[in-house]
$ cat run.txt   # compact mmCIF, C-alpha atoms and all ligand atoms
# COMPACT_ATOMS: atom_id res chain seq x y z
CA MET A 95 107.83 90.51 56.50
CA ASN A 96 106.71 87.43 58.38
CA ILE A 97 104.05 88.56 60.81
CA ASN A 98 104.56 85.62 63.12
CA GLU A 99 108.27 85.82 63.53
CA PRO A 100 109.44 87.50 66.75
CA ILE A 101 112.15 90.12 66.38
CA CYS A 102 115.60 89.43 67.74
CA ARG A 103 115.97 90.79 71.27
CA ASP A 104 119.40 89.32 72.10
CA ALA A 105 121.15 92.63 72.70
CA SER A 106 118.23 93.98 74.75
CA LYS A 107 118.12 90.75 76.75
CA ALA A 108 121.82 90.97 77.58
CA LEU A 109 121.51 94.61 78.62
CA PHE A 110 118.44 93.84 80.72
CA GLU A 111 120.31 91.08 82.57
CA VAL A 112 122.89 93.69 83.56
CA SER A 113 120.39 96.48 84.31
CA LYS A 114 118.50 94.15 86.66
CA THR A 115 121.59 94.06 88.85
CA LEU A 116 121.78 97.86 88.83
CA PHE A 117 118.22 99.15 89.16
CA PRO A 118 115.04 97.91 90.86
CA GLY A 119 113.30 95.80 88.21
CA GLY A 120 116.11 96.73 85.81
CA VAL A 121 114.63 100.15 85.03
CA ASN A 122 114.53 103.76 86.16
CA SER A 123 110.77 104.15 85.76
CA PRO A 124 108.39 101.22 86.32
CA VAL A 125 106.33 101.08 83.10
CA ARG A 126 109.53 100.65 81.07
CA ALA A 127 109.95 97.16 82.49
CA PHE A 128 107.30 95.65 80.12
CA LYS A 129 105.67 93.97 83.12
CA SER A 130 102.14 94.38 81.79
CA VAL A 131 102.85 93.25 78.22
CA GLY A 132 105.50 90.68 79.13
CA GLY A 133 108.86 90.00 77.52
CA THR A 134 112.14 91.86 77.65
CA PRO A 135 112.02 95.64 77.39
CA LEU A 136 113.72 96.94 74.28
CA PHE A 137 116.85 98.96 74.89
CA ILE A 138 116.81 101.88 72.51
CA GLN A 139 119.91 102.74 70.56
CA LYS A 140 118.70 105.83 68.72
CA GLY A 141 115.78 107.74 67.35
CA ASP A 142 115.37 109.83 64.24
CA GLY A 143 112.19 111.61 63.15
CA ALA A 144 109.24 109.29 63.70
CA PHE A 145 111.49 106.22 64.07
CA LEU A 146 113.31 104.33 66.80
CA TRP A 147 116.00 101.67 66.59
CA ASP A 148 116.70 99.21 69.37
CA GLU A 149 120.11 97.74 70.25
CA ASP A 150 119.38 94.70 68.04
CA GLY A 151 118.94 96.99 65.04
CA ASN A 152 115.15 96.63 64.81
CA LYS A 153 113.41 99.71 63.46
CA PHE A 154 110.03 100.97 64.69
CA ILE A 155 107.53 103.70 63.98
CA ASP A 156 107.46 105.34 67.41
CA PHE A 157 104.11 106.28 68.93
CA CYS A 158 105.48 106.54 72.47
CA CYS A 159 107.60 109.60 71.67
CA SER A 160 109.26 109.43 75.08
CA TRP A 161 105.76 109.40 76.65
CA GLY A 162 104.75 112.64 74.99
CA PRO A 163 107.60 115.17 75.05
CA LEU A 164 108.75 114.62 71.45
CA ILE A 165 106.02 116.46 69.56
CA HIS A 166 108.43 116.98 66.64
CA GLY A 167 109.85 113.47 66.79
CA HIS A 168 113.43 112.49 67.53
CA ASN A 169 116.35 114.78 66.78
CA ASP A 170 114.34 117.65 65.44
CA PRO A 171 116.94 119.83 63.66
CA GLN A 172 115.96 123.11 65.37
CA VAL A 173 115.81 121.58 68.83
CA PHE A 174 119.10 119.81 68.23
CA GLU A 175 120.77 123.01 67.11
CA ALA A 176 119.45 124.98 70.08
CA ILE A 177 120.84 122.35 72.45
CA VAL A 178 124.27 122.22 70.86
CA GLU A 179 124.60 125.97 70.56
CA THR A 180 123.61 126.61 74.16
CA LEU A 181 125.75 123.79 75.49
CA GLN A 182 128.84 125.40 73.98
CA ASN A 183 128.64 127.99 76.75
CA GLY A 184 128.37 125.41 79.52
CA ALA A 185 125.73 123.06 80.85
CA SER A 186 124.55 124.72 84.06
CA PHE A 187 125.41 127.71 86.24
CA GLY A 188 122.96 127.80 89.14
CA ALA A 189 122.55 131.49 88.33
CA PRO A 190 119.96 133.19 86.11
CA THR A 191 120.43 133.10 82.34
CA LYS A 192 118.56 134.83 79.51
CA HIS A 193 117.29 131.45 78.35
CA GLU A 194 114.83 131.29 81.25
CA ASN A 195 113.45 134.72 80.32
CA ASN A 196 113.17 133.74 76.67
CA LEU A 197 111.16 130.59 77.30
CA ALA A 198 108.94 132.20 79.97
CA GLU A 199 108.24 135.27 77.81
CA TYR A 200 107.26 133.08 74.89
CA ILE A 201 104.91 130.94 76.97
CA LEU A 202 103.36 133.87 78.86
CA SER A 203 102.78 135.80 75.62
CA LYS A 204 100.53 132.97 74.41
CA ILE A 205 98.82 131.86 77.60
CA PRO A 206 96.53 134.56 78.99
CA PHE A 207 95.56 133.17 82.39
CA ILE A 208 98.99 133.08 84.01
CA ASP A 209 101.25 136.05 84.81
CA LYS A 210 104.26 134.23 86.17
CA LEU A 211 105.91 130.84 86.03
CA ARG A 212 108.44 128.90 88.04
CA PHE A 213 110.58 126.36 86.16
CA VAL A 214 111.37 123.02 87.77
CA SER A 215 112.86 119.78 86.44
CA SER A 216 109.95 117.34 86.08
CA GLY A 217 106.18 117.09 85.97
CA THR A 218 106.12 115.52 89.41
CA GLU A 219 108.07 118.43 90.83
CA ALA A 220 105.72 120.91 89.16
CA VAL A 221 102.66 119.22 90.67
CA MET A 222 104.25 118.82 94.10
CA SER A 223 105.09 122.52 94.13
CA ALA A 224 101.66 123.56 92.84
CA ILE A 225 99.98 121.64 95.66
CA ARG A 226 102.23 123.28 98.25
CA LEU A 227 101.48 126.67 96.72
CA ALA A 228 97.73 126.03 96.84
CA ARG A 229 97.98 125.03 100.49
CA GLY A 230 100.20 127.98 101.30
CA TYR A 231 98.02 130.49 99.48
CA THR A 232 94.69 129.32 100.91
CA GLY A 233 95.92 128.26 104.34
CA LYS A 234 93.87 125.07 103.95
CA SER A 235 95.28 121.57 103.78
CA LYS A 236 92.94 119.10 102.07
CA ILE A 237 93.10 118.47 98.36
CA VAL A 238 90.72 116.79 95.95
CA LYS A 239 91.81 114.56 93.10
CA PHE A 240 89.99 112.28 90.66
CA ASP A 241 90.25 108.54 90.28
CA GLY A 242 92.02 107.81 86.98
CA CYS A 243 94.09 111.00 86.91
CA TYR A 244 97.84 110.66 87.31
CA HIS A 245 99.89 113.54 88.65
CA GLY A 246 103.34 112.06 89.06
CA HIS A 247 104.57 110.31 92.18
CA VAL A 248 103.76 113.13 94.61
CA ASP A 249 103.07 111.73 98.13
CA SER A 250 99.73 113.52 98.51
CA LEU A 251 98.57 112.14 95.17
CA MET A 252 99.64 108.51 95.55
CA VAL A 253 96.22 108.02 97.00
CA LYS A 254 93.19 105.96 96.09
CA ALA A 255 89.59 106.29 97.15
CA GLY A 256 88.76 104.96 100.61
CA SER A 257 86.14 102.24 100.79
CA GLY A 258 82.44 102.69 101.41
CA LEU A 259 81.22 106.07 102.49
CA VAL A 260 84.65 107.28 103.55
CA THR A 261 85.63 109.96 101.08
CA PHE A 262 89.13 110.43 102.47
CA GLY A 263 91.83 108.62 100.58
CA THR A 264 94.16 105.80 101.52
CA SER A 265 97.68 105.60 100.19
CA SER A 266 98.25 103.69 96.97
CA SER A 267 101.99 103.30 97.54
CA ALA A 268 103.96 101.95 100.45
CA GLY A 269 105.85 104.76 102.12
CA VAL A 270 103.06 107.32 101.97
CA PRO A 271 101.90 107.99 105.54
CA GLU A 272 98.18 107.35 106.02
CA PRO A 273 97.62 110.69 107.81
CA LEU A 274 98.92 112.44 104.69
CA ALA A 275 96.81 110.29 102.35
CA HIS A 276 93.86 111.17 104.55
CA GLU A 277 94.28 114.81 103.54
CA THR A 278 93.41 113.84 99.97
CA ILE A 279 89.84 113.22 98.87
CA VAL A 280 89.39 111.06 95.79
CA LEU A 281 86.31 111.49 93.60
CA SER A 282 85.12 109.90 90.36
CA LEU A 283 85.45 111.89 87.18
CA ASN A 284 82.30 113.08 85.44
CA GLU A 285 80.10 113.11 88.55
CA VAL A 286 78.97 116.67 89.23
CA ASP A 287 76.67 115.80 92.13
CA ALA A 288 79.34 114.06 94.18
CA LEU A 289 81.75 116.90 93.47
CA GLU A 290 79.21 119.52 94.49
CA LYS A 291 78.42 117.73 97.73
CA CYS A 292 82.07 117.20 98.61
CA LEU A 293 83.12 120.80 97.98
CA GLU A 294 80.10 122.15 99.83
CA THR A 295 80.80 119.95 102.86
CA TYR A 296 84.55 120.46 103.10
CA LYS A 297 85.01 123.90 101.53
CA ASP A 298 86.68 125.28 104.65
CA GLU A 299 89.32 122.55 104.58
CA ILE A 300 89.92 122.08 100.85
CA SER A 301 92.77 124.13 99.37
CA CYS A 302 92.53 122.91 95.80
CA VAL A 303 91.09 120.47 93.32
CA ILE A 304 93.59 118.99 90.89
CA ILE A 305 92.56 117.38 87.61
CA GLU A 306 94.02 116.30 84.32
CA PRO A 307 91.54 118.24 82.18
CA VAL A 308 92.36 115.71 79.45
CA PRO A 309 92.86 112.54 81.52
CA ALA A 310 95.47 110.69 79.46
CA ASN A 311 97.46 108.55 81.88
CA ASN A 312 94.92 105.84 82.54
CA GLY A 313 93.42 105.39 79.15
CA LEU A 314 92.07 108.51 77.49
CA ILE A 315 88.95 109.24 79.51
CA LEU A 316 87.71 112.43 77.91
CA GLN A 317 85.44 114.58 80.02
CA ASP A 318 82.46 116.62 78.91
CA LYS A 319 83.17 120.32 78.87
CA SER A 320 80.12 120.72 81.12
CA PHE A 321 81.88 118.75 83.88
CA LEU A 322 84.99 120.94 83.68
CA LEU A 323 82.82 124.04 83.67
CA ALA A 324 80.91 122.89 86.74
CA LEU A 325 84.23 122.19 88.43
CA ARG A 326 85.45 125.68 87.59
CA GLU A 327 82.29 127.30 88.91
CA LEU A 328 82.20 125.28 92.13
CA CYS A 329 85.85 126.04 92.92
CA THR A 330 85.26 129.76 92.41
CA LYS A 331 82.10 129.67 94.49
CA HIS A 332 83.82 127.99 97.44
CA GLY A 333 87.18 129.78 97.39
CA ILE A 334 89.02 126.63 96.33
CA LEU A 335 91.88 126.81 93.83
CA LEU A 336 91.56 124.81 90.63
CA ILE A 337 94.76 123.20 89.38
CA PHE A 338 94.90 121.93 85.81
CA ASP A 339 97.66 119.39 85.55
CA GLU A 340 98.60 119.91 81.92
CA VAL A 341 101.90 118.07 82.03
CA ILE A 342 100.68 115.83 79.21
CA SER A 343 97.99 118.01 77.56
CA GLY A 344 99.87 121.32 77.65
CA PHE A 345 101.30 122.24 74.23
CA ARG A 346 99.71 118.98 72.99
CA VAL A 347 95.96 119.48 72.49
CA ALA A 348 96.51 123.21 71.86
CA PHE A 349 99.41 125.50 72.66
CA GLY A 350 97.60 126.54 75.82
CA GLY A 351 96.56 122.94 76.46
CA ALA A 352 93.09 121.94 77.59
CA ALA A 353 92.56 125.37 79.17
CA GLU A 354 92.73 126.90 75.69
CA LEU A 355 90.87 124.07 74.00
CA TYR A 356 87.89 124.22 76.38
CA ASN A 357 88.31 127.92 77.15
CA ILE A 358 88.25 127.17 80.90
CA TYR A 359 91.00 128.69 82.98
CA PRO A 360 92.51 127.17 86.12
CA ASP A 361 94.03 129.12 89.01
CA ILE A 362 97.29 127.19 88.84
CA VAL A 363 98.59 125.20 85.88
CA THR A 364 101.39 122.66 85.69
CA TYR A 365 103.41 121.82 82.58
CA GLY A 366 106.20 119.41 81.70
CA LYS A 367 106.89 116.90 78.93
CA ILE A 368 106.67 118.86 75.63
CA MET A 369 107.89 122.04 77.31
CA GLY A 370 111.45 120.74 77.63
CA GLY A 371 112.07 119.63 74.06
CA GLY A 372 113.05 116.16 75.35
CA LEU A 373 115.11 117.44 78.28
CA PRO A 374 113.89 117.39 81.90
CA VAL A 375 111.71 120.47 82.46
CA GLY A 376 108.50 121.22 84.31
CA ALA A 377 106.78 124.43 85.35
CA TYR A 378 103.92 125.77 87.36
CA GLY A 379 102.24 129.09 86.80
CA ALA A 380 99.41 131.28 88.07
CA LYS A 381 98.28 134.89 88.39
CA LYS A 382 100.79 137.16 90.11
CA GLU A 383 98.88 137.34 93.41
CA ILE A 384 99.21 133.58 93.77
CA MET A 385 102.79 133.34 92.48
CA ALA A 386 103.78 136.08 94.96
CA CYS A 387 103.51 133.39 97.66
CA VAL A 388 106.48 131.50 96.20
CA SER A 389 109.91 132.03 97.74
CA PRO A 390 111.86 134.29 97.71
CA GLU A 391 108.87 136.62 97.23
CA GLY A 392 106.65 134.72 99.64
CA PRO A 393 106.58 132.05 102.34
CA VAL A 394 106.06 128.92 100.18
CA TYR A 395 109.53 127.41 99.83
CA GLN A 396 110.51 125.80 96.55
CA ALA A 397 113.93 125.57 94.91
CA GLY A 398 116.02 123.56 92.44
CA THR A 399 119.72 123.22 91.67
CA LEU A 400 119.08 122.57 87.99
CA SER A 401 115.82 124.54 87.66
CA GLY A 402 115.68 126.60 84.49
CA ASN A 403 118.68 124.77 83.10
CA PRO A 404 119.87 126.81 80.10
CA VAL A 405 120.23 123.88 77.70
CA ALA A 406 116.77 122.59 78.56
CA MET A 407 115.28 126.09 78.27
CA ALA A 408 116.79 126.54 74.81
CA ALA A 409 115.54 123.12 73.70
CA GLY A 410 112.08 123.95 75.03
CA LEU A 411 111.95 127.30 73.29
CA ALA A 412 113.00 125.83 69.94
CA GLN A 413 110.35 123.14 70.29
CA LEU A 414 107.55 125.48 71.40
CA LYS A 415 108.28 128.01 68.65
CA LYS A 416 107.56 125.29 66.12
CA CYS A 417 104.33 124.50 67.96
CA GLY A 418 103.41 128.17 67.75
CA SER A 419 103.42 128.17 63.95
CA GLU A 420 100.14 128.81 62.20
CA ASN A 421 97.70 125.89 62.02
CA PHE A 422 100.13 123.59 63.79
CA TYR A 423 97.49 122.11 66.09
CA VAL A 424 94.82 122.01 63.40
CA ASN A 425 97.12 119.97 61.20
CA GLN A 426 98.17 117.66 64.00
CA ALA A 427 94.55 116.94 64.88
CA LYS A 428 93.53 116.46 61.24
CA LYS A 429 96.26 113.94 60.58
CA THR A 430 95.49 112.05 63.76
CA THR A 431 91.74 111.99 63.07
CA THR A 432 92.33 110.54 59.61
CA PHE A 433 94.58 107.85 61.07
CA VAL A 434 92.16 107.00 63.86
CA ASN A 435 89.04 107.04 61.65
CA GLU A 436 90.65 104.68 59.17
CA ILE A 437 91.34 102.11 61.89
CA ASN A 438 87.95 102.63 63.51
CA SER A 439 86.06 102.04 60.24
CA PHE A 440 88.08 98.86 59.79
CA CYS A 441 87.14 97.69 63.29
CA SER A 442 83.46 98.41 62.64
CA GLU A 443 83.58 96.54 59.35
CA LYS A 444 85.21 93.51 60.96
CA ASN A 445 83.14 93.74 64.10
CA LEU A 446 86.14 94.08 66.39
CA PRO A 447 85.33 95.45 69.87
CA VAL A 448 88.07 98.08 69.64
CA GLU A 449 87.92 101.79 69.23
CA LEU A 450 90.69 104.32 68.98
CA VAL A 451 89.72 107.27 71.13
CA SER A 452 91.54 110.50 70.32
CA ILE A 453 91.88 114.19 71.01
CA GLY A 454 94.34 116.41 69.17
CA SER A 455 97.34 114.18 68.49
CA ILE A 456 96.77 111.77 71.40
CA PHE A 457 95.12 108.41 70.83
CA TRP A 458 94.24 105.37 72.92
CA PHE A 459 93.16 101.82 72.09
CA SER A 460 89.95 101.25 74.00
CA PHE A 461 89.09 97.57 74.11
CA ASN A 462 85.65 98.37 75.47
CA GLY A 463 83.82 98.25 72.16
CA LYS A 464 81.85 101.40 71.40
CA LYS A 465 81.26 102.26 75.05
CA ARG A 466 82.33 105.81 75.83
CA ILE A 467 84.62 105.69 78.85
CA GLN A 468 84.48 108.68 81.18
CA GLN A 469 85.46 107.10 84.47
CA ALA A 470 88.47 105.01 85.39
CA ALA A 471 86.28 102.25 86.83
CA GLU A 472 84.65 101.66 83.43
CA ILE A 473 87.85 100.52 81.73
CA ASP A 474 87.95 96.78 81.07
CA SER A 475 90.83 95.66 83.28
CA ASP A 476 91.51 92.62 81.14
CA MET A 477 94.34 93.82 78.90
CA THR A 478 94.99 90.44 77.22
CA ASN A 479 94.01 91.74 73.80
CA PHE A 480 96.06 94.88 74.10
CA ASN A 481 99.04 92.82 75.18
CA LYS A 482 98.67 90.57 72.14
CA LEU A 483 98.40 93.61 69.90
CA HIS A 484 101.48 95.16 71.48
CA GLY A 485 103.55 92.03 70.78
CA HIS A 486 102.34 91.85 67.20
CA LEU A 487 103.15 95.52 66.60
CA LEU A 488 106.67 95.20 68.01
CA ASN A 489 107.31 92.25 65.74
CA ASN A 490 106.17 94.31 62.79
CA GLY A 491 107.82 97.63 63.37
CA VAL A 492 105.41 99.70 65.46
CA TYR A 493 106.36 100.80 68.98
CA LEU A 494 103.61 101.67 71.48
CA GLY A 495 104.02 102.31 75.19
CA PRO A 496 104.07 98.89 76.90
CA SER A 497 100.71 99.07 78.71
CA GLY A 498 97.09 99.14 77.61
CA TYR A 499 96.47 102.10 79.89
CA GLU A 500 98.97 104.27 78.05
CA VAL A 501 98.12 106.59 75.19
CA GLY A 502 99.98 107.02 71.89
CA PHE A 503 101.25 110.25 70.37
CA VAL A 504 101.40 111.44 66.78
CA SER A 505 104.26 113.85 66.21
CA SER A 506 104.62 116.49 63.50
CA VAL A 507 106.99 114.19 61.58
CA HIS A 508 104.54 111.27 61.48
CA ASP A 509 103.49 112.04 57.92
CA HIS A 510 100.68 110.40 55.94
CA LEU A 511 102.99 107.76 54.50
CA ILE A 512 104.21 106.71 57.92
CA LEU A 513 100.70 106.78 59.38
CA ASN A 514 99.36 104.69 56.49
CA GLU A 515 102.08 102.12 57.02
CA ALA A 516 101.35 102.03 60.76
CA SER A 517 97.63 101.76 60.10
CA LYS A 518 98.19 98.70 57.86
CA ILE A 519 100.28 96.98 60.53
CA ILE A 520 97.79 97.84 63.28
CA LYS A 521 94.89 96.40 61.26
CA GLN A 522 96.78 93.14 60.74
CA GLY A 523 97.57 93.13 64.43
CA LEU A 524 93.96 93.62 65.45
CA ILE A 525 92.83 90.81 63.18
CA SER A 526 95.43 88.48 64.64
CA CYS A 527 94.42 89.49 68.22
CA PHE A 528 90.87 88.39 67.69
CA SER A 529 91.44 85.30 65.53
C1 LIG B 1 103.82 112.69 83.06
C2 LIG B 1 102.88 113.37 83.98
C3 LIG B 1 103.26 113.77 85.26
C4 LIG B 1 104.61 113.46 85.85
O1 LIG B 1 105.64 114.05 85.14
P1 LIG B 1 107.13 113.47 85.33
O2 LIG B 1 107.96 114.37 84.47
O3 LIG B 1 107.07 112.05 84.87
O4 LIG B 1 107.45 113.58 86.76
C5 LIG B 1 102.36 114.49 86.02
N1 LIG B 1 101.14 114.76 85.56
C6 LIG B 1 100.71 114.37 84.34
C7 LIG B 1 99.35 114.74 83.87
C8 LIG B 1 101.57 113.65 83.51
O5 LIG B 1 101.16 113.25 82.32
$ encode --input "run.txt" --output "structure tokens"
Amino acid sequence: MNINEPICRDASKALFEVSKTLFPGGVNSPVRAFKSVGGTPLFIQKGDGAFLWDEDGNKFIDFCCSWGPLIHGHNDPQVFEAIVETLQNGASFGAPTKHENNLAEYILSKIPFIDKLRFVSSGTEAVMSAIRLARGYTGKSKIVKFDGCYHGHVDSLMVKAGSGLVTFGTSSSAGVPEPLAHETIVLSLNEVDALEKCLETYKDEISCVIIEPVPANNGLILQDKSFLLALRELCTKHGILLIFDEVISGFRVAFGGAAELYNIYPDIVTYGKIMGGGLPVGAYGAKKEIMACVSPEGPVYQAGTLSGNPVAMAAGLAQLKKCGSENFYVNQAKKTTTFVNEINSFCSEKNLPVELVSIGSIFWFSFNGKKRIQQAAEIDSDMTNFNKLHGHLLNNGVYLGPSGYEVGFVSSVHDHLILNEASKIIKQGLISCFS
């Protein structure tokens, strides 16, 4: 393997030329366009286990795993079988099926703080619905979010902090009306005092606080449990609903996500990604008093043509049952810690200002040296070194999400052999980044 030789991207380049005429930026979701790392995005031909192949026939160890959903890798035999078997009876009916009951019963039997769920088709839809539910249930309209947490492309959450002393947000995307953005207050993570002051001041207007309890969409900016606990207590004290957006952390850091890991329970939770076994599924859930507000039981309208799609439900159930096996999360975390520690010791030895931050089977390359990052503003915005690393890894058979703000995922089929191989390639890559 020649570490300097770029892989062939001819087939991907040709496909990208066509896709650019079909989709904005040539893609159906922005980060796929490789804009931050540069170069042509790879068009994927297939995946199997921990591996991906692009249309030029290059093979990669995949740490993107479809941005998290594939916790058992590509084409897991049980998930595959569940999909095929269910599909034989038809793809969608727009009427209830037993598959919805099966998946909901399984989830509810293992997650103690929710009584009922509603299935939707994406994480964004889950969050959007959860926010509406919080507003409908409390009769209040403002919401609080944290800088550095991503919750999908929901209008109310495409908001960044206002400048100066103004706590009310301004929109971070064209097309989001300022009066709506103004209903969202943006705070920094890990700052209890500011949170306390804000909730105290606006408690009569704030319906909910939404947080990624494991912030993993803008680097991996792990919070102290004490911050999450304070948040829980303040919300309870002021009659504000706490929403844990566990679209990425649910079924990932523990079966019951961060809520289980930290033993802190939200009022409303959102799920997605892993829950659908690679098919488009999201959900939101809460205690029955809160869920009783959702239509047709209550006045908060929310619906979906393909919600609870039987094929997706069956795929999700097959996937989650494997996650529910004994010691699954312990083993996932152990394997990931070994992988991460190995690379981190290497970086210390060679004095490289890089640290792999991890929790469960999520990891992130922090190019901030040993500094512990707990707020979005602390992340070094210069991603030159990550971008170099990304290019090196692609040329040598390791696929990471194409942005230094994105995390990587270890699946249950990334075994020690595969992780050792990846670790070797990553070490070479880091050396070449800094030489
Ligand atoms: C991925 C993600 C979303 C959005 O989910 P989509 O399925 O992409 O709409 C929302 N919240 C969090 C925490 C996520 O990681």
$ closest_residue --input "run.txt" --among "A:Leu283, A:Ile177, A:Val341, A:Ala189" --to "Gly366 of chain A" --atoms "only C-alpha atoms"
A:Val341
$ closest_residue --input "run.txt" --among "A:Ala397, A:Met407, A:Ile237, A:Val501" --to "Ser343 of chain A" --atoms "only C-alpha atoms"
A:Val501
$ closest_residue --input "run.txt" --among "A:Ala105, A:Ala220, A:Leu116, A:Ala516" --to "Val375 of chain A" --atoms "all atoms listed in the file"
A:Ala220
$ residues_around --input "run.txt" --residues "Lys153 of chain A" --least-positions-apart "5" --cutoff "6 Å" --atoms "all atoms listed in the file" --output "MDAnalysis selection string"
chainID A and resid 146:147 491
$ residues_around --input "run.txt" --residues "Asp104 of chain A" --least-positions-apart "2" --cutoff "10 Å" --atoms "only C-alpha atoms" --output "list in words"
Ile101, Cys102, Ser106, Lys107, Ala108, Leu109, Phe110, Thr134, Leu136, Glu149 and Asp150 of chain A
$ residues_near_ligand --input "run.txt" --ligand "ligand LIG 1 (chain B)" --cutoff "7 Å" --atoms "only C-alpha atoms and all ligand atoms" --output "ChimeraX atom specification"
/A:216-219,221,244-247,306,310-311,339-342,366-367,376
$ closest_residue --input "run.txt" --among "A:Cys158, A:Ala406, A:Leu513, A:Leu494" --to "Val131 of chain A" --atoms "only C-alpha atoms"
A:Leu494
$ decode --input "run.txt" --residues "segment 192-205 of chain A" --atoms "N, CA and C atoms" --output "compact mmCIF listing (two decimals), in the first residue's frame"
# COMPACT_ATOMS: atom_id res chain seq x y z
N LYS A 192 -49.14 -5.11 13.41
CA LYS A 192 -48.59 -5.63 14.68
C LYS A 192 -47.13 -5.22 14.87
N HIS A 193 -46.48 -4.88 13.77
CA HIS A 193 -45.05 -4.55 13.87
C HIS A 193 -44.81 -3.30 14.72
N GLU A 194 -45.76 -2.35 14.66
CA GLU A 194 -45.63 -1.15 15.50
C GLU A 194 -45.72 -1.55 16.98
N ASN A 195 -46.72 -2.40 17.30
CA ASN A 195 -46.86 -2.85 18.69
C ASN A 195 -45.58 -3.55 19.15
N ASN A 196 -45.07 -4.43 18.30
CA ASN A 196 -43.90 -5.22 18.69
C ASN A 196 -42.71 -4.34 19.04
N LEU A 197 -42.43 -3.37 18.19
CA LEU A 197 -41.27 -2.51 18.45
C LEU A 197 -41.52 -1.64 19.69
N ALA A 198 -42.72 -1.06 19.78
CA ALA A 198 -43.03 -0.18 20.93
C ALA A 198 -42.98 -0.97 22.23
N GLU A 199 -43.57 -2.18 22.23
CA GLU A 199 -43.56 -2.98 23.47
C GLU A 199 -42.14 -3.29 23.90
N TYR A 200 -41.31 -3.62 22.93
CA TYR A 200 -39.92 -3.95 23.28
C TYR A 200 -39.20 -2.75 23.89
N ILE A 201 -39.37 -1.60 23.26
CA ILE A 201 -38.70 -0.39 23.75
C ILE A 201 -39.25 -0.01 25.13
N LEU A 202 -40.58 0.02 25.25
CA LEU A 202 -41.18 0.46 26.53
C LEU A 202 -40.85 -0.49 27.67
N SER A 203 -40.66 -1.78 27.35
CA SER A 203 -40.34 -2.74 28.41
C SER A 203 -38.95 -2.48 28.99
N LYS A 204 -38.11 -1.75 28.25
CA LYS A 204 -36.74 -1.55 28.72
C LYS A 204 -36.45 -0.10 29.12
N ILE A 205 -37.39 0.78 28.86
CA ILE A 205 -37.15 2.19 29.17
C ILE A 205 -38.24 2.67 30.12
